[in-house]
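Written out below as structure tokens is the structure these notes cover.
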Amino acid sequence: MNTPSTAPDRPELQKLIEQMADSGFTGIELRVHDEQGEWLGSAGVRELGGTAKPPTNGHIRIGSNTKTFIATLVLQLVAEGKIDLDTAAVDYLPEFELDPRITVRMLLQHTSGVFNFTGELLEDGTFVPGIAWSGKEWVDNRFKTYQPEELVRLALSKPPRFEPGTDWSYANTNYVLARLLIEKVSGRPYAEEMQRLILGPLGLHDTVAPTTESAIPEPHAHAYYRYEDGGEQQTVDVTSQNPSWISSGGDMISTTRDLQTFISALVGGKLLPAPLLAEMCTPHPKVGYGLGVFVQDTGCGGTVVTHNGGISGHAALMYSTPDGSKTLTAALNYVDDPDLSMAAAFQEATKRLVAEVFCDGQTDLSEQA
């Protein structure tokens, strides 16, 4: 594996991540693996007020990239004959009295229609809140422990978005149900099953499912949250937090190296039998979401298998060509806020990175999701 001192010189990538730092990200770590070898670099600072750059393989809360790990784990249990994708989820989890039309597949593809426990923006512009995950209320309670069953019951107390299987809507609830399903059929905590089937076999020593643990291993850059209190803006370090509020919808911690190893192994067929991998990468027509992954058009004649995630000043990117020959993984830190002010910069940065790495910088991906 190349180190920063021996990696190919890629000034265009370094320039891009430095521009990302200029656009408002506090720290960026980027890893690209392609025909030129492996390149890694960082830009910005490790923490506000400091001058040290982020580590090139620091730990990051990966947010919804967790969903790809969870979906892979469910599919591995399908391969072991412990789960059937098209069996009603209520058969495995009768305690929640789910609509019997909701299958395991619908959970993984976000077609179940269940309410998202972090809140839902309805078509008419109305926002229906769920648990508190922003603003002063979240900051003051960021070390609170939520049980996954508590999150599911909150979601199920709300009306469903649509009848099962008739539409698509992203809901963290689906993946908390998937976690509970994993634990029910295996008889073990999901972190143990993750270690048995994914982390251990791939040697992902820097990837953890913390569940309720608030610390993030060193080395790492810092994450921040800005909110208003009594008419004044406050900015706090939220690197440490109890991620049980998002549970298996986005609680995992990893590094750019481990994410690169994982996504290339996944699409390369090292984790799933070919028929299940093909099902995983068959996208729903509405948004291109398969089972725990997005399958997106690059805009230059190719496709990428991807999932990105953001959580309270942390974010992670994970992209691969379908054959695993070219990958992009990144760790981003920033100052988050209730208005999600960095969302536009995040979208723009990901478009530019994908265009640079997968389209040789020649394509404008402004129309890509």
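Residue numbering restarts at 1 for every chain of the structure tokens, chains are lettered A, B, ... in their displayed order, and ligands are numbered from 1 as they appear.
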request  = Write out as number ranges by chain which residues come within 9 Å of region 127-142 of chain A when counting only C-alpha atoms, dropping same-chain ones fewer than 2 positions away.
outcome  = A: 115-122, 124-125, 144-145, 151, 154-155, 225-229, 236, 238, 240-243, 245-246, 312, 337-338
Same residues, N, CA, C and O atoms, output as a short mmCIF file (atom, residue, chain, number, x, y, z; two decimals), in the first residue's frame:
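So again_0.cif came out as:
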```
data_model
loop_
_atom_site.label_atom_id
_atom_site.label_comp_id
_atom_site.auth_asym_id
_atom_site.auth_seq_id
_atom_site.Cartn_x
_atom_site.Cartn_y
_atom_site.Cartn_z
N PHE A 115 -42.46 5.47 9.10
CA PHE A 115 -42.04 6.84 9.44
C PHE A 115 -40.57 6.84 9.85
O PHE A 115 -40.09 5.91 10.51
N ASN A 116 -39.87 7.89 9.48
CA ASN A 116 -38.47 8.06 9.85
C ASN A 116 -38.39 8.69 11.25
O ASN A 116 -38.85 9.82 11.43
N PHE A 117 -37.82 7.99 12.21
CA PHE A 117 -37.84 8.49 13.59
C PHE A 117 -37.05 9.77 13.79
O PHE A 117 -37.19 10.43 14.83
N THR A 118 -36.22 10.17 12.82
CA THR A 118 -35.54 11.47 12.92
C THR A 118 -36.36 12.59 12.30
O THR A 118 -35.89 13.73 12.21
N GLY A 119 -37.59 12.28 11.89
CA GLY A 119 -38.49 13.31 11.35
C GLY A 119 -38.73 13.14 9.87
O GLY A 119 -37.92 12.52 9.16
N GLU A 120 -39.83 13.66 9.40
CA GLU A 120 -40.20 13.53 7.99
C GLU A 120 -40.65 14.87 7.43
O GLU A 120 -41.45 15.58 8.05
N LEU A 121 -40.14 15.22 6.27
CA LEU A 121 -40.62 16.38 5.52
C LEU A 121 -41.65 15.87 4.51
O LEU A 121 -41.30 15.13 3.58
N LEU A 122 -42.89 16.22 4.70
CA LEU A 122 -43.95 15.73 3.83
C LEU A 122 -44.01 16.50 2.52
O LEU A 122 -43.41 17.58 2.39
N ASP A 124 -46.21 18.28 1.22
CA ASP A 124 -46.79 19.63 1.28
C ASP A 124 -45.90 20.63 2.02
O ASP A 124 -46.31 21.77 2.25
N GLY A 125 -44.68 20.19 2.37
CA GLY A 125 -43.75 21.09 3.05
C GLY A 125 -43.83 21.05 4.57
O GLY A 125 -43.04 21.69 5.26
N LYS A 144 -27.14 11.19 25.85
CA LYS A 144 -28.28 10.37 26.26
C LYS A 144 -28.26 9.03 25.51
O LYS A 144 -27.90 8.97 24.34
N THR A 145 -28.67 7.98 26.20
CA THR A 145 -28.78 6.67 25.56
C THR A 145 -30.21 6.39 25.15
O THR A 145 -31.14 6.50 25.95
N LEU A 151 -36.68 3.82 19.52
CA LEU A 151 -36.72 4.56 18.26
C LEU A 151 -37.77 3.96 17.32
O LEU A 151 -38.52 4.68 16.65
N LEU A 154 -41.31 4.79 18.54
CA LEU A 154 -41.65 6.18 18.21
C LEU A 154 -42.09 6.27 16.75
O LEU A 154 -43.12 6.88 16.43
N ALA A 155 -41.34 5.65 15.86
CA ALA A 155 -41.67 5.70 14.44
C ALA A 155 -43.02 5.06 14.16
O ALA A 155 -43.83 5.58 13.38
N TYR A 225 -20.56 21.77 16.34
CA TYR A 225 -21.98 22.08 16.13
C TYR A 225 -22.23 23.50 16.62
O TYR A 225 -21.79 23.89 17.70
N ARG A 226 -22.94 24.29 15.78
CA ARG A 226 -23.25 25.69 16.09
C ARG A 226 -24.76 25.83 16.27
O ARG A 226 -25.54 25.31 15.47
N TYR A 227 -25.15 26.51 17.32
CA TYR A 227 -26.58 26.68 17.58
C TYR A 227 -26.78 28.00 18.33
O TYR A 227 -25.83 28.62 18.81
N GLU A 228 -28.03 28.41 18.41
CA GLU A 228 -28.35 29.68 19.08
C GLU A 228 -28.86 29.40 20.49
O GLU A 228 -29.69 28.51 20.70
N ASP A 229 -28.37 30.15 21.43
CA ASP A 229 -28.81 30.02 22.82
C ASP A 229 -28.94 31.41 23.41
O ASP A 229 -27.96 32.13 23.55
N VAL A 236 -19.82 24.31 19.74
CA VAL A 236 -19.27 23.33 20.68
C VAL A 236 -18.64 22.17 19.91
O VAL A 236 -19.03 21.86 18.78
N VAL A 238 -18.40 18.51 19.22
CA VAL A 238 -19.30 17.35 19.39
C VAL A 238 -18.66 16.07 18.85
O VAL A 238 -19.35 15.13 18.47
N SER A 240 -17.15 13.86 20.48
CA SER A 240 -17.68 12.80 21.35
C SER A 240 -19.18 12.99 21.51
O SER A 240 -19.64 14.09 21.81
N GLN A 241 -19.92 11.92 21.30
CA GLN A 241 -21.38 11.95 21.48
C GLN A 241 -21.85 10.50 21.56
O GLN A 241 -21.16 9.59 21.10
N ASN A 242 -22.98 10.30 22.14
CA ASN A 242 -23.57 8.97 22.20
C ASN A 242 -24.40 8.78 20.93
O ASN A 242 -25.43 9.44 20.77
N PRO A 243 -23.96 7.91 20.02
CA PRO A 243 -24.65 7.81 18.73
C PRO A 243 -25.89 6.92 18.76
O PRO A 243 -26.44 6.61 17.70
N TRP A 245 -28.73 7.72 19.37
CA TRP A 245 -29.89 8.45 18.84
C TRP A 245 -30.13 8.11 17.37
O TRP A 245 -31.26 8.22 16.88
N ILE A 246 -29.09 7.70 16.66
CA ILE A 246 -29.25 7.30 15.26
C ILE A 246 -29.19 5.78 15.12
O ILE A 246 -29.66 5.22 14.14
N SER A 312 -23.66 15.15 12.56
CA SER A 312 -23.20 16.12 13.57
C SER A 312 -21.74 16.53 13.39
O SER A 312 -20.92 16.36 14.28
N ASP A 337 -24.99 22.71 11.91
CA ASP A 337 -25.94 23.60 12.58
C ASP A 337 -27.37 23.15 12.26
O ASP A 337 -27.58 22.29 11.40
N PRO A 338 -28.36 23.71 12.94
CA PRO A 338 -29.75 23.28 12.70
C PRO A 338 -30.24 23.52 11.28
O PRO A 338 -31.16 22.85 10.80
#
```
query = If you count only C-alpha atoms, which residues fall within 8 Å of region 210-222 of chain A, apart from same-chain ones fewer than 5 positions away, as a count of residues only?
reply = 29
In region 12-197 of chain A, what's strand (DSSP E) per DSSP? Answer as a compact mmCIF listing (two decimals) with all heavy atoms, in the first residue's frame?
```txt
# COMPACT_ATOMS: atom_id res chain seq x y z
N GLY A 27 -11.97 20.09 8.03
CA GLY A 27 -10.94 19.11 7.72
C GLY A 27 -11.42 18.11 6.68
O GLY A 27 -12.60 17.72 6.67
N ILE A 28 -10.52 17.69 5.78
CA ILE A 28 -10.85 16.73 4.72
C ILE A 28 -9.72 15.71 4.63
O ILE A 28 -8.55 16.07 4.63
CB ILE A 28 -10.99 17.41 3.34
CG1 ILE A 28 -12.02 18.54 3.38
CG2 ILE A 28 -11.36 16.40 2.27
CD1 ILE A 28 -11.41 19.92 3.46
N GLU A 29 -10.10 14.44 4.57
CA GLU A 29 -9.15 13.35 4.31
C GLU A 29 -9.67 12.60 3.09
O GLU A 29 -10.82 12.18 3.08
CB GLU A 29 -9.05 12.41 5.50
CG GLU A 29 -8.70 13.10 6.81
CD GLU A 29 -8.97 12.21 8.01
OE1 GLU A 29 -8.73 10.98 7.91
OE2 GLU A 29 -9.44 12.73 9.03
N LEU A 30 -8.83 12.44 2.09
CA LEU A 30 -9.26 11.80 0.84
C LEU A 30 -8.33 10.66 0.48
O LEU A 30 -7.10 10.78 0.60
CB LEU A 30 -9.26 12.84 -0.30
CG LEU A 30 -9.59 12.31 -1.71
CD1 LEU A 30 -11.02 11.78 -1.78
CD2 LEU A 30 -9.37 13.41 -2.76
N ARG A 31 -8.91 9.56 0.04
CA ARG A 31 -8.16 8.39 -0.43
C ARG A 31 -8.74 7.97 -1.77
O ARG A 31 -9.94 7.73 -1.89
CB ARG A 31 -8.27 7.25 0.58
CG ARG A 31 -7.48 5.98 0.22
CD ARG A 31 -7.65 4.91 1.29
NE ARG A 31 -7.14 5.35 2.57
CZ ARG A 31 -5.92 5.08 3.05
NH1 ARG A 31 -5.09 4.35 2.33
NH2 ARG A 31 -5.54 5.54 4.22
N VAL A 32 -7.88 7.86 -2.77
CA VAL A 32 -8.29 7.43 -4.11
C VAL A 32 -7.43 6.25 -4.52
O VAL A 32 -6.21 6.29 -4.40
CB VAL A 32 -8.15 8.58 -5.13
CG1 VAL A 32 -8.39 8.07 -6.55
CG2 VAL A 32 -9.11 9.71 -4.81
N HIS A 33 -8.08 5.20 -4.97
CA HIS A 33 -7.39 4.00 -5.44
C HIS A 33 -7.82 3.75 -6.87
O HIS A 33 -9.00 3.53 -7.14
CB HIS A 33 -7.76 2.80 -4.56
CG HIS A 33 -6.98 1.56 -4.87
ND1 HIS A 33 -5.87 1.17 -4.15
CD2 HIS A 33 -7.13 0.64 -5.85
CE1 HIS A 33 -5.38 0.05 -4.65
NE2 HIS A 33 -6.13 -0.30 -5.68
N ASP A 34 -6.86 3.80 -7.81
CA ASP A 34 -7.20 3.58 -9.22
C ASP A 34 -5.98 3.05 -9.94
O ASP A 34 -5.03 2.57 -9.32
CB ASP A 34 -7.74 4.86 -9.86
CG ASP A 34 -6.76 6.04 -9.81
OD1 ASP A 34 -5.56 5.81 -9.53
OD2 ASP A 34 -7.18 7.18 -10.06
N GLY A 37 -2.50 3.89 -8.82
CA GLY A 37 -2.05 3.50 -7.49
C GLY A 37 -3.00 4.05 -6.44
O GLY A 37 -4.18 4.29 -6.71
N GLU A 38 -2.50 4.24 -5.25
CA GLU A 38 -3.32 4.78 -4.16
C GLU A 38 -2.76 6.12 -3.72
O GLU A 38 -1.58 6.25 -3.42
CB GLU A 38 -3.36 3.82 -2.98
CG GLU A 38 -4.35 4.26 -1.89
CD GLU A 38 -4.67 3.14 -0.93
OE1 GLU A 38 -3.81 2.82 -0.10
OE2 GLU A 38 -5.78 2.59 -1.01
N TRP A 39 -3.66 7.11 -3.69
CA TRP A 39 -3.28 8.46 -3.28
C TRP A 39 -4.09 8.83 -2.05
O TRP A 39 -5.29 8.54 -1.97
CB TRP A 39 -3.57 9.46 -4.39
CG TRP A 39 -3.14 10.87 -4.06
CD1 TRP A 39 -1.93 11.43 -4.32
CD2 TRP A 39 -3.93 11.88 -3.41
NE1 TRP A 39 -1.91 12.73 -3.88
CE2 TRP A 39 -3.12 13.04 -3.31
CE3 TRP A 39 -5.23 11.93 -2.90
CZ2 TRP A 39 -3.57 14.22 -2.72
CZ3 TRP A 39 -5.68 13.09 -2.31
CH2 TRP A 39 -4.85 14.23 -2.22
N LEU A 40 -3.43 9.44 -1.08
CA LEU A 40 -4.17 9.96 0.06
C LEU A 40 -3.59 11.30 0.46
O LEU A 40 -2.40 11.56 0.32
CB LEU A 40 -4.15 8.99 1.24
CG LEU A 40 -2.83 8.49 1.81
CD1 LEU A 40 -3.02 8.03 3.25
CD2 LEU A 40 -2.31 7.30 1.00
N GLY A 41 -4.50 12.14 0.92
CA GLY A 41 -4.09 13.47 1.32
C GLY A 41 -5.09 14.07 2.28
O GLY A 41 -6.18 13.53 2.48
N SER A 42 -4.70 15.19 2.88
CA SER A 42 -5.62 15.88 3.78
C SER A 42 -5.47 17.37 3.60
O SER A 42 -4.46 17.87 3.07
CB SER A 42 -5.36 15.48 5.24
OG SER A 42 -4.10 15.95 5.68
N ALA A 43 -6.48 18.11 4.03
CA ALA A 43 -6.48 19.56 3.95
C ALA A 43 -7.29 20.11 5.11
O ALA A 43 -8.07 19.39 5.74
CB ALA A 43 -7.06 20.03 2.61
N GLY A 44 -7.13 21.40 5.37
CA GLY A 44 -7.83 22.00 6.50
C GLY A 44 -7.06 21.78 7.78
O GLY A 44 -5.82 21.61 7.77
N ILE A 60 -13.48 8.52 11.70
CA ILE A 60 -14.59 9.41 11.41
C ILE A 60 -15.90 8.68 11.67
O ILE A 60 -16.00 7.47 11.44
CB ILE A 60 -14.53 9.88 9.91
CG1 ILE A 60 -15.55 10.99 9.61
CG2 ILE A 60 -14.68 8.72 8.95
CD1 ILE A 60 -15.18 12.34 10.16
N ARG A 61 -16.88 9.41 12.16
CA ARG A 61 -18.23 8.83 12.24
C ARG A 61 -18.78 8.81 10.83
O ARG A 61 -18.87 9.86 10.17
CB ARG A 61 -19.11 9.67 13.17
CG ARG A 61 -18.60 9.67 14.61
CD ARG A 61 -19.57 10.35 15.56
NE ARG A 61 -18.98 10.50 16.88
CZ ARG A 61 -18.94 9.55 17.82
NH1 ARG A 61 -19.50 8.37 17.58
NH2 ARG A 61 -18.37 9.77 18.98
N GLU A 120 -39.83 13.66 9.40
CA GLU A 120 -40.20 13.53 7.99
C GLU A 120 -40.65 14.87 7.43
O GLU A 120 -41.45 15.58 8.05
CB GLU A 120 -41.37 12.55 7.84
CG GLU A 120 -41.03 11.09 8.09
CD GLU A 120 -40.44 10.40 6.88
OE1 GLU A 120 -39.99 11.09 5.94
OE2 GLU A 120 -40.42 9.16 6.88
N LEU A 121 -40.14 15.22 6.27
CA LEU A 121 -40.62 16.38 5.52
C LEU A 121 -41.65 15.87 4.51
O LEU A 121 -41.30 15.13 3.58
CB LEU A 121 -39.47 17.08 4.80
CG LEU A 121 -39.84 18.35 4.04
CD1 LEU A 121 -40.35 19.42 4.99
CD2 LEU A 121 -38.64 18.86 3.25
N PHE A 127 -43.18 19.64 8.19
CA PHE A 127 -42.19 18.79 8.83
C PHE A 127 -42.80 18.15 10.06
O PHE A 127 -43.32 18.84 10.94
CB PHE A 127 -40.93 19.58 9.22
CG PHE A 127 -39.88 18.71 9.86
CD1 PHE A 127 -39.12 17.85 9.09
CD2 PHE A 127 -39.67 18.74 11.24
CE1 PHE A 127 -38.15 17.03 9.66
CE2 PHE A 127 -38.71 17.93 11.83
CZ PHE A 127 -37.95 17.07 11.03
N VAL A 128 -42.76 16.83 10.11
CA VAL A 128 -43.26 16.08 11.27
C VAL A 128 -42.04 15.64 12.08
O VAL A 128 -41.25 14.82 11.62
CB VAL A 128 -44.09 14.85 10.85
CG1 VAL A 128 -44.64 14.13 12.08
CG2 VAL A 128 -45.20 15.26 9.90
```
For the interface of region 164-217 of chain A with region 76-86 of chain A (cut-off 12 Å, counting only C-alpha atoms), please tabulate each contacting residue of region 164-217 of chain A alongside its nearest pair of atoms and their separation in Å to one decimal, rows sorted by chain and increasing number, as a tab-separated table.
```
residue	atom	partner	partner_atom	distance
A:Gly165	CA	A:Asp86	CA	11.5
A:Ala178	CA	A:Ile83	CA	10.9
A:Arg179	CA	A:Leu77	CA	11.9
A:Leu181	CA	A:Ile83	CA	8.8
A:Ile182	CA	A:Leu77	CA	7.9
A:Glu183	CA	A:Leu77	CA	10.9
A:Lys184	CA	A:Lys82	CA	10.2
A:Val185	CA	A:Lys82	CA	6.5
A:Ser186	CA	A:Lys82	CA	8.0
A:Gly187	CA	A:Lys82	CA	11.2
A:Tyr190	CA	A:Leu77	CA	11.8
A:Glu193	CA	A:Leu77	CA	9.6
A:Met194	CA	A:Gln76	CA	10.2
A:Arg196	CA	A:Gln76	CA	10.8
A:Leu197	CA	A:Gln76	CA	7.6
A:Ile198	CA	A:Gln76	CA	9.3
```
message = To test your reading of the structure, identify every residue in region 196-312 of chain A that backbone DSSP assigns to alpha helix (DSSP H), and report it as JSON, numbers by chain.
response = {"A": [200, 201, 202, 256, 257, 258, 259, 260, 261, 262, 263, 264, 265, 266, 267, 274, 275, 276, 277, 278, 279, 280]}
Who sits within 12 Å of Ala344 (chain A), only C-alpha atoms, same chain under 6 positions skipped, as a PDB file with N, CA, C and O atoms, in the first residue's frame:
```pdb
ATOM      1  N   MET A  20     -12.091  22.614  -0.989  1.00  0.00           N
ATOM      2  CA  MET A  20     -13.159  22.206  -0.080  1.00  0.00           C
ATOM      3  C   MET A  20     -12.962  22.844   1.295  1.00  0.00           C
ATOM      4  O   MET A  20     -13.921  23.300   1.929  1.00  0.00           O
ATOM      5  N   SER A  23     -14.108  26.246   1.212  1.00  0.00           N
ATOM      6  CA  SER A  23     -15.563  26.390   1.103  1.00  0.00           C
ATOM      7  C   SER A  23     -16.268  26.217   2.451  1.00  0.00           C
ATOM      8  O   SER A  23     -17.480  26.407   2.531  1.00  0.00           O
ATOM      9  N   GLY A  24     -15.509  25.857   3.495  1.00  0.00           N
ATOM     10  CA  GLY A  24     -16.123  25.778   4.819  1.00  0.00           C
ATOM     11  C   GLY A  24     -15.888  24.507   5.600  1.00  0.00           C
ATOM     12  O   GLY A  24     -16.173  24.463   6.802  1.00  0.00           O
ATOM     13  N   PHE A  25     -15.390  23.445   4.959  1.00  0.00           N
ATOM     14  CA  PHE A  25     -15.066  22.240   5.718  1.00  0.00           C
ATOM     15  C   PHE A  25     -13.849  22.507   6.591  1.00  0.00           C
ATOM     16  O   PHE A  25     -12.881  23.114   6.142  1.00  0.00           O
ATOM     17  N   THR A 350     -18.987  16.648  -3.338  1.00  0.00           N
ATOM     18  CA  THR A 350     -19.072  15.262  -3.789  1.00  0.00           C
ATOM     19  C   THR A 350     -19.165  15.201  -5.318  1.00  0.00           C
ATOM     20  O   THR A 350     -18.534  14.332  -5.941  1.00  0.00           O
ATOM     21  N   LYS A 351     -19.899  16.118  -5.920  1.00  0.00           N
ATOM     22  CA  LYS A 351     -19.980  16.138  -7.381  1.00  0.00           C
ATOM     23  C   LYS A 351     -18.606  16.363  -8.005  1.00  0.00           C
ATOM     24  O   LYS A 351     -18.232  15.698  -8.979  1.00  0.00           O
ATOM     25  N   SER A 366     -23.589  18.460 -12.245  1.00  0.00           N
ATOM     26  CA  SER A 366     -24.562  19.312 -11.542  1.00  0.00           C
ATOM     27  C   SER A 366     -25.958  18.726 -11.563  1.00  0.00           C
ATOM     28  O   SER A 366     -26.785  19.071 -10.720  1.00  0.00           O
TER      29      SER A 366
END
```
inquiry  = Between A:Tyr146, A:Tyr170, A:Tyr319, A:Phe162, which residue has the minimum interatomic distance to Val354 (chain A), considering only C-alpha atoms?
reply    =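 When distances to Val354 (chain A) are compared using only C-alpha atoms, the smallest one comes from A:Tyr319.
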key: For Thr261 (chain A): contacts at 10 Å, only C-alpha atoms, fewer than 2 positions along chain excluded, given as a count of residues only   = 15
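One distance worth recording is that between CA of Thr68 (chain A) and CA of Gly292 (chain A), which is 4.6 Å.
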remark   = From the list A:Leu75, A:Val335, A:Ala355, A:Ala223, the nearest residue to Gly301 (chain A) using only C-alpha atoms is A:Ala355
